file work17.cif (mmCIF, C-alpha atoms and all ligand atoms)
data_input
#
loop_
_atom_site.label_atom_id
_atom_site.label_comp_id
_atom_site.auth_asym_id
_atom_site.auth_seq_id
_atom_site.Cartn_x
_atom_site.Cartn_y
_atom_site.Cartn_z
CA MET R 20 0.00 0.00 0.00
CA LYS R 21 1.58 3.27 -1.04
CA ALA R 22 0.60 6.66 0.22
CA PHE R 23 1.65 9.81 -1.54
CA PHE R 24 1.88 12.93 0.57
CA ARG R 25 1.74 16.15 -1.31
CA THR R 26 1.48 19.78 -0.33
CA GLY R 27 2.59 23.19 -1.42
CA VAL R 28 3.45 23.93 2.19
CA LEU R 29 7.02 23.79 3.46
CA ARG R 30 7.91 21.88 6.58
CA ILE R 31 10.33 24.30 8.14
CA LEU R 32 8.33 26.13 10.69
CA ALA R 33 8.29 28.27 13.76
CA VAL R 34 10.97 30.69 12.58
CA MET R 35 10.84 32.29 9.17
CA THR R 36 13.86 32.15 6.94
CA VAL R 37 14.57 35.01 4.60
CA LEU R 38 15.22 33.46 1.22
CA CYS R 39 15.49 36.63 -0.78
CA CYS R 40 14.75 40.26 -0.30
CA GLY R 41 15.32 43.63 -1.79
CA CYS R 42 15.05 42.39 -5.36
CA GLY R 43 14.01 45.81 -6.64
CA LYS R 44 16.58 47.96 -8.40
CA GLU R 45 15.05 51.43 -8.56
CA ALA R 46 13.95 53.81 -5.80
CA GLY R 47 10.30 53.12 -5.11
CA GLY R 48 10.57 49.44 -5.88
CA PRO R 49 8.94 47.11 -6.40
CA TRP R 50 10.70 45.51 -3.42
CA GLU R 51 10.20 41.86 -2.78
CA SER R 52 10.73 39.48 0.15
CA VAL R 53 10.10 35.74 0.23
CA ASP R 54 9.92 34.04 3.62
CA VAL R 55 8.45 30.99 5.28
CA ALA R 56 5.87 31.33 8.07
CA MET R 57 2.94 29.35 9.42
CA GLY R 58 4.05 26.37 7.40
CA THR R 59 3.81 28.18 4.11
CA MET R 60 5.54 30.61 1.76
CA VAL R 61 5.08 34.32 2.32
CA GLN R 62 5.76 36.68 -0.55
CA LEU R 63 5.61 40.42 0.04
CA ARG R 64 5.86 42.89 -2.83
CA ILE R 65 5.62 46.58 -2.05
CA TYR R 66 5.75 49.72 -4.15
CA GLY R 67 6.61 53.26 -3.13
CA PRO R 68 9.25 53.48 -0.40
CA GLU R 69 13.01 53.75 -0.69
CA GLU R 70 14.87 50.46 -0.24
CA LYS R 71 15.88 51.12 3.40
CA ARG R 72 12.27 51.76 4.42
CA ALA R 73 11.10 48.75 2.41
CA GLN R 74 13.51 46.55 4.35
CA GLU R 75 12.17 47.98 7.61
CA ILE R 76 8.61 47.14 6.54
CA PHE R 77 9.65 43.57 5.67
CA GLY R 78 11.22 43.28 9.13
CA GLN R 79 8.03 44.55 10.76
CA ALA R 80 5.87 42.14 8.72
CA LYS R 81 8.14 39.29 9.75
CA GLU R 82 7.74 40.26 13.40
CA ILE R 83 3.92 40.38 12.95
CA LEU R 84 3.93 36.83 11.59
CA ARG R 85 6.29 35.60 14.29
CA SER R 86 4.27 37.03 17.15
CA LEU R 87 0.93 35.91 15.67
CA GLU R 88 2.21 32.36 15.52
CA GLU R 89 4.34 32.19 18.67
CA GLU R 90 2.23 34.32 21.00
CA GLU R 91 -1.31 33.72 19.74
CA LEU R 92 -2.11 30.85 17.38
CA SER R 93 0.37 28.00 17.64
CA TRP R 94 -0.99 24.69 18.92
CA ARG R 95 2.59 23.41 19.36
CA LEU R 96 4.45 26.25 21.10
CA GLU R 97 3.91 26.66 24.83
CA THR R 98 4.30 30.41 24.42
CA SER R 99 0.98 30.87 22.58
CA GLU R 100 -2.47 31.72 23.91
CA VAL R 101 -4.09 28.86 21.94
CA TYR R 102 -1.60 26.44 23.53
CA ARG R 103 -2.48 27.72 27.02
CA LEU R 104 -6.22 27.49 26.27
CA ASN R 105 -5.81 23.92 25.03
CA ALA R 106 -3.75 23.01 28.09
CA SER R 107 -6.55 24.34 30.31
CA ALA R 108 -9.13 21.90 28.86
CA GLY R 109 -11.08 20.18 31.60
CA GLY R 110 -10.01 22.82 34.15
CA GLU R 111 -10.95 26.31 35.29
CA GLY R 112 -10.41 27.91 31.89
CA GLU R 113 -8.26 30.86 30.87
CA ALA R 114 -9.03 34.57 30.64
CA LEU R 115 -9.01 35.69 26.99
CA SER R 116 -6.95 38.54 25.63
CA ALA R 117 -8.97 41.21 23.81
CA GLU R 118 -7.74 40.05 20.42
CA MET R 119 -8.32 36.33 21.06
CA ALA R 120 -11.83 37.15 22.28
CA ARG R 121 -12.51 39.04 19.04
CA ILE R 122 -11.08 36.25 16.85
CA LEU R 123 -12.97 33.47 18.64
CA GLN R 124 -16.20 35.48 18.73
CA THR R 125 -16.02 35.86 14.92
CA CYS R 126 -15.25 32.12 14.58
CA LEU R 127 -18.19 31.17 16.81
CA GLU R 128 -20.51 33.35 14.73
CA LEU R 129 -19.24 31.62 11.61
CA TYR R 130 -19.86 28.27 13.31
CA GLU R 131 -23.50 29.30 13.85
CA GLU R 132 -23.99 30.80 10.39
CA SER R 133 -22.43 27.76 8.69
CA GLU R 134 -24.62 25.41 10.75
CA GLY R 135 -21.52 23.91 12.38
CA ALA R 136 -19.53 23.27 9.18
CA PHE R 137 -16.84 25.75 10.24
CA ASP R 138 -15.54 24.72 13.63
CA VAL R 139 -12.30 25.85 15.28
CA THR R 140 -12.56 23.15 17.96
CA LEU R 141 -11.46 20.29 15.70
CA GLY R 142 -7.89 20.16 17.10
CA ALA R 143 -8.25 16.56 18.31
CA LEU R 144 -9.43 15.45 14.85
CA VAL R 145 -6.72 17.40 13.03
CA ARG R 146 -4.08 15.75 15.28
CA LEU R 147 -5.69 12.33 14.77
CA TRP R 148 -5.39 12.64 10.99
CA ASN R 149 -1.85 13.95 11.60
CA ILE R 150 -2.45 16.67 9.03
CA ASP R 151 0.68 18.62 10.02
CA SER R 152 2.84 15.68 8.88
CA TRP R 153 1.42 16.04 5.36
CA ALA R 154 3.62 19.08 4.94
CA GLY R 155 6.70 17.30 3.71
CA GLY R 156 5.90 16.74 0.06
CA GLN R 157 7.63 13.37 0.48
CA GLU R 158 6.35 9.92 -0.33
CA THR R 159 5.67 7.77 2.67
CA GLY R 160 3.88 4.53 3.31
CA ASP R 161 2.76 5.06 6.88
CA PHE R 162 -0.52 6.87 6.29
CA ARG R 163 -3.54 5.12 7.82
CA VAL R 164 -7.14 6.25 7.89
CA PRO R 165 -7.98 6.61 11.61
CA SER R 166 -10.13 3.84 13.06
CA ALA R 167 -13.88 4.37 13.47
CA GLU R 168 -13.46 4.28 17.28
CA SER R 169 -10.73 6.92 17.34
CA LEU R 170 -12.74 9.16 14.99
CA GLU R 171 -15.79 8.79 17.19
CA LYS R 172 -13.78 9.69 20.30
CA ALA R 173 -12.19 12.76 18.67
CA LEU R 174 -15.56 13.89 17.31
CA GLY R 175 -17.10 13.44 20.75
CA ASP R 176 -14.39 15.69 22.22
CA SER R 177 -14.94 18.41 19.58
CA GLY R 178 -17.62 20.99 18.88
CA SER R 179 -17.88 24.76 19.39
CA GLY R 180 -21.27 24.14 21.00
CA LYS R 181 -19.42 22.54 23.94
CA LEU R 182 -17.46 25.70 24.79
CA GLN R 183 -18.63 27.64 27.81
CA SER R 184 -17.70 31.12 28.94
CA LEU R 185 -17.73 33.08 32.17
CA PRO R 186 -19.52 35.38 32.11
CA GLU R 187 -21.88 34.02 29.44
CA GLY R 188 -22.55 36.07 26.31
CA PRO R 189 -20.26 37.48 23.63
CA LEU R 190 -16.57 36.89 24.32
CA ARG R 191 -14.65 39.93 25.55
CA GLU R 192 -11.25 40.68 27.04
CA GLY R 193 -11.05 38.88 30.39
CA THR R 194 -13.89 36.40 29.66
CA ARG R 195 -12.87 32.95 30.92
CA LEU R 196 -13.21 30.35 28.19
CA LEU R 197 -13.94 26.86 29.50
CA LEU R 198 -12.89 23.97 27.26
CA PRO R 199 -14.21 20.56 28.25
CA GLU R 200 -11.70 17.73 28.72
CA GLY R 201 -10.29 16.64 25.35
CA LEU R 202 -11.46 19.67 23.35
CA GLN R 203 -8.63 21.36 21.43
CA LEU R 204 -8.71 24.59 19.47
CA ASP R 205 -7.20 24.72 15.96
CA LEU R 206 -7.25 28.09 14.24
CA GLY R 207 -5.39 26.88 11.14
CA ALA R 208 -8.41 27.81 8.99
CA VAL R 209 -8.13 31.53 9.77
CA GLY R 210 -4.46 32.11 10.68
CA LYS R 211 -3.31 33.30 7.30
CA GLY R 212 -6.26 35.62 6.77
CA LEU R 213 -5.68 37.07 10.19
CA ALA R 214 -2.03 37.62 9.35
CA LEU R 215 -3.04 39.51 6.21
CA SER R 216 -5.26 41.85 8.25
CA ARG R 217 -2.32 42.61 10.56
CA ILE R 218 -0.02 43.29 7.60
CA LEU R 219 -2.71 45.53 6.12
CA ALA R 220 -2.65 47.64 9.30
CA LEU R 221 1.14 47.94 8.94
CA LEU R 222 0.78 49.12 5.32
CA GLU R 223 -1.89 51.63 6.33
CA ASP R 224 0.57 53.01 8.89
CA SER R 225 3.23 53.40 6.20
CA PRO R 226 2.18 56.36 4.03
CA GLU R 227 5.16 55.90 1.72
CA VAL R 228 3.72 52.57 0.53
CA SER R 229 1.58 53.27 -2.53
CA GLY R 230 0.71 49.67 -3.30
CA ALA R 231 1.39 46.09 -2.24
CA VAL R 232 0.54 42.47 -2.92
CA ILE R 233 1.08 39.94 -0.13
CA TYR R 234 0.80 36.18 -0.77
CA LEU R 235 0.47 33.95 2.27
CA GLY R 236 -0.24 30.38 1.24
CA GLY R 237 -3.79 30.27 -0.09
CA SER R 238 -4.54 33.86 0.94
CA VAL R 239 -3.64 37.08 -0.86
CA LEU R 240 -3.91 40.75 0.11
CA THR R 241 -3.93 43.54 -2.44
CA TYR R 242 -3.41 47.11 -1.29
CA GLY R 243 -3.30 50.57 -2.87
CA SER R 244 -2.60 51.09 -6.52
CA ARG R 245 -0.22 49.80 -9.14
CA PRO R 246 2.36 52.25 -10.39
CA GLY R 247 1.19 53.43 -13.79
CA GLY R 248 -2.41 52.45 -13.04
CA GLY R 249 -4.34 49.29 -13.81
CA SER R 250 -5.65 46.65 -11.46
CA TRP R 251 -3.89 43.94 -9.46
CA LYS R 252 -4.21 40.56 -11.19
CA ILE R 253 -4.70 37.57 -8.93
CA GLY R 254 -5.03 34.13 -10.50
CA ILE R 255 -7.40 31.51 -9.12
CA ALA R 256 -5.54 28.18 -9.27
CA ASP R 257 -6.91 25.32 -11.33
CA PRO R 258 -7.17 22.43 -8.82
CA SER R 259 -6.34 19.95 -11.60
CA ALA R 260 -3.21 21.89 -12.58
CA PRO R 261 -2.39 24.30 -9.72
CA GLY R 262 0.32 25.97 -11.84
CA SER R 263 -2.40 27.34 -14.15
CA SER R 264 -5.49 29.33 -13.32
CA VAL R 265 -9.21 28.95 -13.99
CA GLY R 266 -9.62 32.71 -13.95
CA VAL R 267 -7.90 35.95 -13.01
CA LEU R 268 -9.33 38.52 -10.63
CA ALA R 269 -8.72 42.17 -11.51
CA LEU R 270 -8.75 44.05 -8.21
CA GLU R 271 -8.40 47.71 -7.38
CA GLY R 272 -7.29 48.80 -3.92
CA GLN R 273 -7.61 46.68 -0.82
CA TRP R 274 -8.96 43.11 -1.07
CA CYS R 275 -8.39 39.74 0.55
CA VAL R 276 -8.67 36.60 -1.57
CA SER R 277 -8.56 33.17 0.11
CA THR R 278 -8.80 29.75 -1.45
CA SER R 279 -9.42 26.44 0.30
CA GLY R 280 -8.81 23.41 -1.87
CA ASP R 281 -8.29 19.67 -1.82
CA TYR R 282 -5.09 20.02 -3.87
CA GLU R 283 -2.82 21.85 -1.42
CA ARG R 284 -2.44 19.52 1.53
CA TYR R 285 -3.42 15.92 1.02
CA VAL R 286 -2.47 12.28 1.02
CA GLU R 287 -3.37 10.00 -1.87
CA GLN R 288 -3.73 6.32 -1.17
CA ASP R 289 -5.06 3.67 -3.51
CA GLY R 290 -6.61 6.37 -5.69
CA VAL R 291 -8.42 8.09 -2.81
CA ARG R 292 -7.51 11.64 -1.90
CA TRP R 293 -7.56 12.40 1.83
CA HIS R 294 -7.36 16.16 2.24
CA HIS R 295 -7.18 18.47 5.25
CA ILE R 296 -10.61 20.14 5.32
CA LEU R 297 -12.72 18.06 7.66
CA ASP R 298 -16.47 17.64 7.86
CA PRO R 299 -17.40 18.08 11.55
CA ASP R 300 -20.39 15.75 11.05
CA THR R 301 -18.26 12.76 10.05
CA GLY R 302 -14.70 13.62 11.07
CA MET R 303 -13.66 12.72 7.51
CA PRO R 304 -12.37 15.01 4.73
CA ALA R 305 -15.40 16.94 3.45
CA ARG R 306 -16.96 15.53 0.27
CA SER R 307 -19.17 18.29 -1.06
CA GLY R 308 -18.35 17.93 -4.74
CA VAL R 309 -16.04 20.95 -4.44
CA ARG R 310 -12.35 21.01 -5.37
CA SER R 311 -11.81 24.61 -4.32
CA ALA R 312 -13.68 27.58 -2.89
CA THR R 313 -12.30 31.09 -3.38
CA ILE R 314 -13.60 34.03 -1.36
CA LEU R 315 -13.19 37.72 -2.12
CA SER R 316 -13.74 39.95 0.90
CA GLY R 317 -12.47 43.18 2.42
CA ASP R 318 -11.48 41.31 5.59
CA GLY R 319 -8.75 38.67 5.93
CA LEU R 320 -10.21 36.69 8.83
CA LEU R 321 -13.53 36.43 7.01
CA SER R 322 -12.08 35.57 3.62
CA ASP R 323 -10.03 32.73 5.14
CA GLY R 324 -12.81 31.44 7.41
CA LEU R 325 -15.46 31.63 4.69
CA SER R 326 -13.31 29.79 2.13
CA THR R 327 -12.97 26.84 4.53
CA ALA R 328 -16.68 26.95 5.41
CA CYS R 329 -17.80 27.20 1.76
CA PHE R 330 -15.57 24.28 0.76
CA ILE R 331 -17.35 22.09 3.33
CA LEU R 332 -20.86 23.39 2.63
CA GLY R 333 -20.68 23.10 -1.16
CA PRO R 334 -22.08 25.56 -3.70
CA GLU R 335 -25.72 25.86 -2.69
CA LYS R 336 -25.31 26.63 1.01
CA GLY R 337 -21.90 28.22 0.43
CA LEU R 338 -23.38 30.86 -1.88
CA GLU R 339 -25.94 31.74 0.79
CA LEU R 340 -23.29 31.96 3.49
CA ALA R 341 -20.99 34.20 1.44
CA GLU R 342 -23.92 36.49 0.65
CA LYS R 343 -24.75 36.85 4.36
CA TYR R 344 -21.22 38.17 4.89
CA GLY R 345 -21.25 40.40 1.80
CA ALA R 346 -18.44 38.32 0.26
CA GLU R 347 -18.06 36.96 -3.28
CA VAL R 348 -17.35 33.26 -3.84
CA LEU R 349 -16.17 31.08 -6.72
CA PHE R 350 -16.31 27.28 -6.59
CA VAL R 351 -14.45 24.87 -8.83
CA LEU R 352 -16.42 21.62 -8.73
CA GLU R 353 -15.16 18.06 -9.17
CA GLU R 354 -15.97 17.95 -12.88
CA GLY R 355 -14.24 21.29 -13.42
CA GLU R 356 -17.50 23.22 -13.55
CA ILE R 357 -17.39 26.73 -12.09
CA VAL R 358 -20.15 28.16 -9.91
CA MET R 359 -19.89 31.70 -8.57
CA SER R 360 -21.82 34.44 -6.84
CA GLU R 361 -23.46 37.06 -9.01
CA GLY R 362 -21.02 39.80 -8.01
CA MET R 363 -17.86 37.73 -8.62
CA GLY R 364 -18.18 38.01 -12.40
CA ALA R 365 -17.52 41.76 -12.24
CA PHE R 366 -14.05 41.07 -10.77
CA LEU R 367 -12.99 38.45 -13.32
CA ASP R 368 -10.62 39.73 -15.96
P1 LIG R 401 -7.90 26.35 5.13
O1 LIG R 401 -9.06 25.81 4.37
O2 LIG R 401 -7.91 27.79 5.42
O3 LIG R 401 -7.89 25.62 6.54
C1 LIG R 401 -7.85 24.21 6.69
C2 LIG R 401 -7.29 23.95 8.06
O4 LIG R 401 -8.27 24.32 9.03
C3 LIG R 401 -6.97 22.48 8.30
O5 LIG R 401 -5.62 22.20 8.01
C4 LIG R 401 -7.29 22.35 9.77
O6 LIG R 401 -6.20 22.82 10.55
C5 LIG R 401 -8.46 23.30 9.97
N1 LIG R 401 -9.77 22.70 9.68
C6 LIG R 401 -10.08 21.52 9.07
N2 LIG R 401 -11.40 21.36 9.00
C7 LIG R 401 -11.96 22.45 9.56
C8 LIG R 401 -13.29 22.87 9.79
N3 LIG R 401 -14.35 22.10 9.43
N4 LIG R 401 -13.52 24.05 10.39
C9 LIG R 401 -12.48 24.85 10.78
N5 LIG R 401 -11.18 24.49 10.62
C10 LIG R 401 -10.93 23.33 10.00
N6 LIG R 401 1.59 23.54 9.09
C11 LIG R 401 2.54 22.62 9.35
O7 LIG R 401 2.65 21.64 8.63
N7 LIG R 401 3.37 22.77 10.39
C12 LIG R 401 3.28 23.83 11.20
O8 LIG R 401 4.05 23.93 12.14
C13 LIG R 401 2.31 24.81 10.97
N8 LIG R 401 2.23 25.88 11.77
C14 LIG R 401 1.21 26.75 11.56
C15 LIG R 401 1.07 27.81 12.44
C16 LIG R 401 0.03 28.69 12.29
C17 LIG R 401 -0.10 29.81 13.29
C18 LIG R 401 -0.90 28.52 11.22
C19 LIG R 401 -2.07 29.47 11.07
C20 LIG R 401 -0.75 27.49 10.33
C21 LIG R 401 0.30 26.58 10.48
N9 LIG R 401 0.47 25.51 9.63
C22 LIG R 401 1.46 24.62 9.88
C23 LIG R 401 -0.49 25.25 8.54
C24 LIG R 401 -1.77 24.60 9.11
O9 LIG R 401 -1.47 23.34 9.67
C25 LIG R 401 -2.86 24.42 8.08
O10 LIG R 401 -2.50 23.41 7.18
C26 LIG R 401 -3.12 25.63 7.30
O11 LIG R 401 -3.41 26.66 8.18
C27 LIG R 401 -4.25 25.39 6.33
O12 LIG R 401 -4.55 26.59 5.70
P2 LIG R 401 -5.18 26.60 4.27
O13 LIG R 401 -5.37 28.03 3.92
O14 LIG R 401 -4.43 25.73 3.36
O15 LIG R 401 -6.59 25.86 4.45
MG MG R 402 -9.49 29.09 5.51
#
call {"tool": "encode", "arguments": {"input": "work17.cif", "output": "structure tokens"}}
result
Amino acid sequence: MKAFFRTGVLRILAVMTVLCCGCGKEAGGPWESVDVAMGTMVQLRIYGPEEKRAQEIFGQAKEILRSLEEEELSWRLETSEVYRLNASAGGEGEALSAEMARILQTCLELYEESEGAFDVTLGALVRLWNIDSWAGGQETGDFRVPSAESLEKALGDSGSGKLQSLPEGPLREGTRLLLPEGLQLDLGAVGKGLALSRILALLEDSPEVSGAVIYLGGSVLTYGSRPGGGSWKIGIADPSAPGSSVGVLALEGQWCVSTSGDYERYVEQDGVRWHHILDPDTGMPARSGVRSATILSGDGLLSDGLSTACFILGPEKGLELAEKYGAEVLFVLEEGEIVMSEGMGAFLD
């Protein structure tokens, strides 16, 4: 039995490595930096500043990504708030920081609106499938589908509906979040979008930046304007040939584009593709007839969260969900058919 592990994500983690920066030649750029963070490639391209300032901005962006991972989101590093929350499961709970309360409140709303399809309490399931180990891009024969009993146990431990808070009501700074024994948070579905929102704030605080495009795994931020005019062009990958695109978005100003797909992080075994987006009803990779869901939104957290939710829900319910959030969505279905929201067409080149 042979399993083939494939992903676009690199395995080097925790600390980003600068592979290249300052590729621009003229004052004003474009200046480019390529790093690794959150298990994926980060490419920053900025227009406007002098080289020295551009390098400073790259350093600040790197620090944003480091602190987001190490101090807030990591489920592996003891230094993070998510790690501490997970460690408190079954106990007295932990008081939330203002930012974690805001993030989790948005995620819980998305859980409700998606009728439970989007669920940031699937940590036990994600660990059970050992999804992080699919980041090597290497061939390996040790993949096994988890047993029915272990899936049932992990599913029983999961579910945003099982979270309690003190005091009750919307989460705020200082609210104690109570995780039942065994429940583990996993914010992998929104981390990159969140990172883009933080980098956006940095760009907004840097008046010398006239435009930027930031790629972070399956999420992209566009900002400002292109020198010489014209729109930013962002390709939507073809799941059957991720090097090519099924369409190109022409975007002006600030937008976040996130794609969730079955082609980025998966294991193939005996002709079956086991991917990383899990259906909370079954604990198995979601089978909604979708190969990818791309969201266009003004907000990074929402674009990333909605792309995961829409992938699981499929086109019919996914279109409704995106509309509720004022986002545009484009699905590539298993047969290659494309389904999209009415407004998305206006952004396609
Ligand atoms: P998305 O569709 O945005 O999210 C899919 C991910 O969300 C899954 O991988 C799972 O983690 C989670 N998920 C699955 N089903 C659901 C669901 N129904 N509802 C909600 N969430 C769900 N990868 C590594 O290999 N090693 C690392 O050390 C590592 N560190 C990371 C640190 C941070 C802070 C972040 C944000 C990511 C890190 N990653 C790492 C990548 C991570 O494991 C995920 O694979 C990645 O976030 C998936 O993002 P995506 O945009 O491809 O898919
Ligand atoms: Mg996502």
call {"tool": "closest_residue", "arguments": {"input": "work17.cif", "among": "R:Val145, R:Gly243, R:Leu170, R:Glu132", "to": "Glu339 in chain R", "atoms": "all atoms listed in the file"}}
result
R:Glu132
call {"tool": "atom_distance", "arguments": {"input": "work17.cif", "atom1": "CA of Lys336 in chain R", "atom2": "CA of Gly308 in chain R"}}
result
12.5 Å
call {"tool": "closest_atom_pairs", "arguments": {"input": "work17.cif", "of": "range 222-340 of chain R", "to": "range 356-359 of chain R", "cutoff": "12 Å", "atoms": "all atoms listed in the file", "output": "tab-separated table"}}
result
residue	atom	partner	partner_atom	distance
R:Ile255	CA	R:Ile357	CA	11.5
R:Asp257	CA	R:Ile357	CA	10.6
R:Pro258	CA	R:Glu356	CA	11.4
R:Ser259	CA	R:Glu356	CA	11.8
R:Val265	CA	R:Ile357	CA	8.7
R:Gly266	CA	R:Ile357	CA	10.0
R:Gly308	CA	R:Glu356	CA	10.3
R:Val309	CA	R:Glu356	CA	9.5
R:Arg310	CA	R:Glu356	CA	9.9
R:Ser311	CA	R:Ile357	CA	9.8
R:Ala312	CA	R:Met359	CA	9.4
R:Thr313	CA	R:Met359	CA	9.2
R:Ile314	CA	R:Met359	CA	9.8
R:Leu315	CA	R:Met359	CA	11.1
R:Cys329	CA	R:Met359	CA	11.5
R:Gly333	CA	R:Val358	CA	10.1
R:Pro334	CA	R:Val358	CA	7.0
R:Glu335	CA	R:Val358	CA	9.4
R:Gly337	CA	R:Met359	CA	9.9
R:Leu338	CA	R:Met359	CA	7.6
R:Glu339	CA	R:Met359	CA	11.1
call {"tool": "residues_near_ligand", "arguments": {"input": "work17.cif", "ligand": "ligand MG 402 (chain R)", "cutoff": "9 Å", "atoms": "only C-alpha atoms and all ligand atoms", "output": "list of chain:residue names"}}
result
R:Gly207, R:Ala208, R:Val209, R:Gly210, R:Lys211, R:Gly212, R:Gly237, R:Ser238, R:Ser277, R:Thr278, R:Ser279, R:Leu320, R:Leu321, R:Ser322, R:Asp323, R:Gly324, R:Leu325, R:Ser326, R:Thr327, R:Ala328
call {"tool": "write_last_selection", "arguments": {"input": "work17.cif", "atoms": "C-alpha atoms", "output": "CSV table (one decimal), in the coordinates of the input"}}
result
chain,number,residue,atom,x,y,z
R,207,GLY,CA,-5.4,26.9,11.1
R,208,ALA,CA,-8.4,27.8,9.0
R,209,VAL,CA,-8.1,31.5,9.8
R,210,GLY,CA,-4.5,32.1,10.7
R,211,LYS,CA,-3.3,33.3,7.3
R,212,GLY,CA,-6.3,35.6,6.8
R,237,GLY,CA,-3.8,30.3,-0.1
R,238,SER,CA,-4.5,33.9,0.9
R,277,SER,CA,-8.6,33.2,0.1
R,278,THR,CA,-8.8,29.8,-1.4
R,279,SER,CA,-9.4,26.4,0.3
R,320,LEU,CA,-10.2,36.7,8.8
R,321,LEU,CA,-13.5,36.4,7.0
R,322,SER,CA,-12.1,35.6,3.6
R,323,ASP,CA,-10.0,32.7,5.1
R,324,GLY,CA,-12.8,31.4,7.4
R,325,LEU,CA,-15.5,31.6,4.7
R,326,SER,CA,-13.3,29.8,2.1
R,327,THR,CA,-13.0,26.8,4.5
R,328,ALA,CA,-16.7,27.0,5.4
call {"tool": "atom_distance", "arguments": {"input": "work17.cif", "atom1": "CA of Leu87 in chain R", "atom2": "CA of Ala214 in chain R"}}
result
7.2 Å
call {"tool": "atom_distance", "arguments": {"input": "work17.cif", "atom1": "CA of Ile233 in chain R", "atom2": "CA of Val53 in chain R"}}
result
10.0 Å
call {"tool": "closest_residue", "arguments": {"input": "work17.cif", "among": "R:Gln183, R:Ser263, R:Ser307, R:Ser93", "to": "Glu113 in chain R", "atoms": "all atoms listed in the file"}}
result
R:Gln183
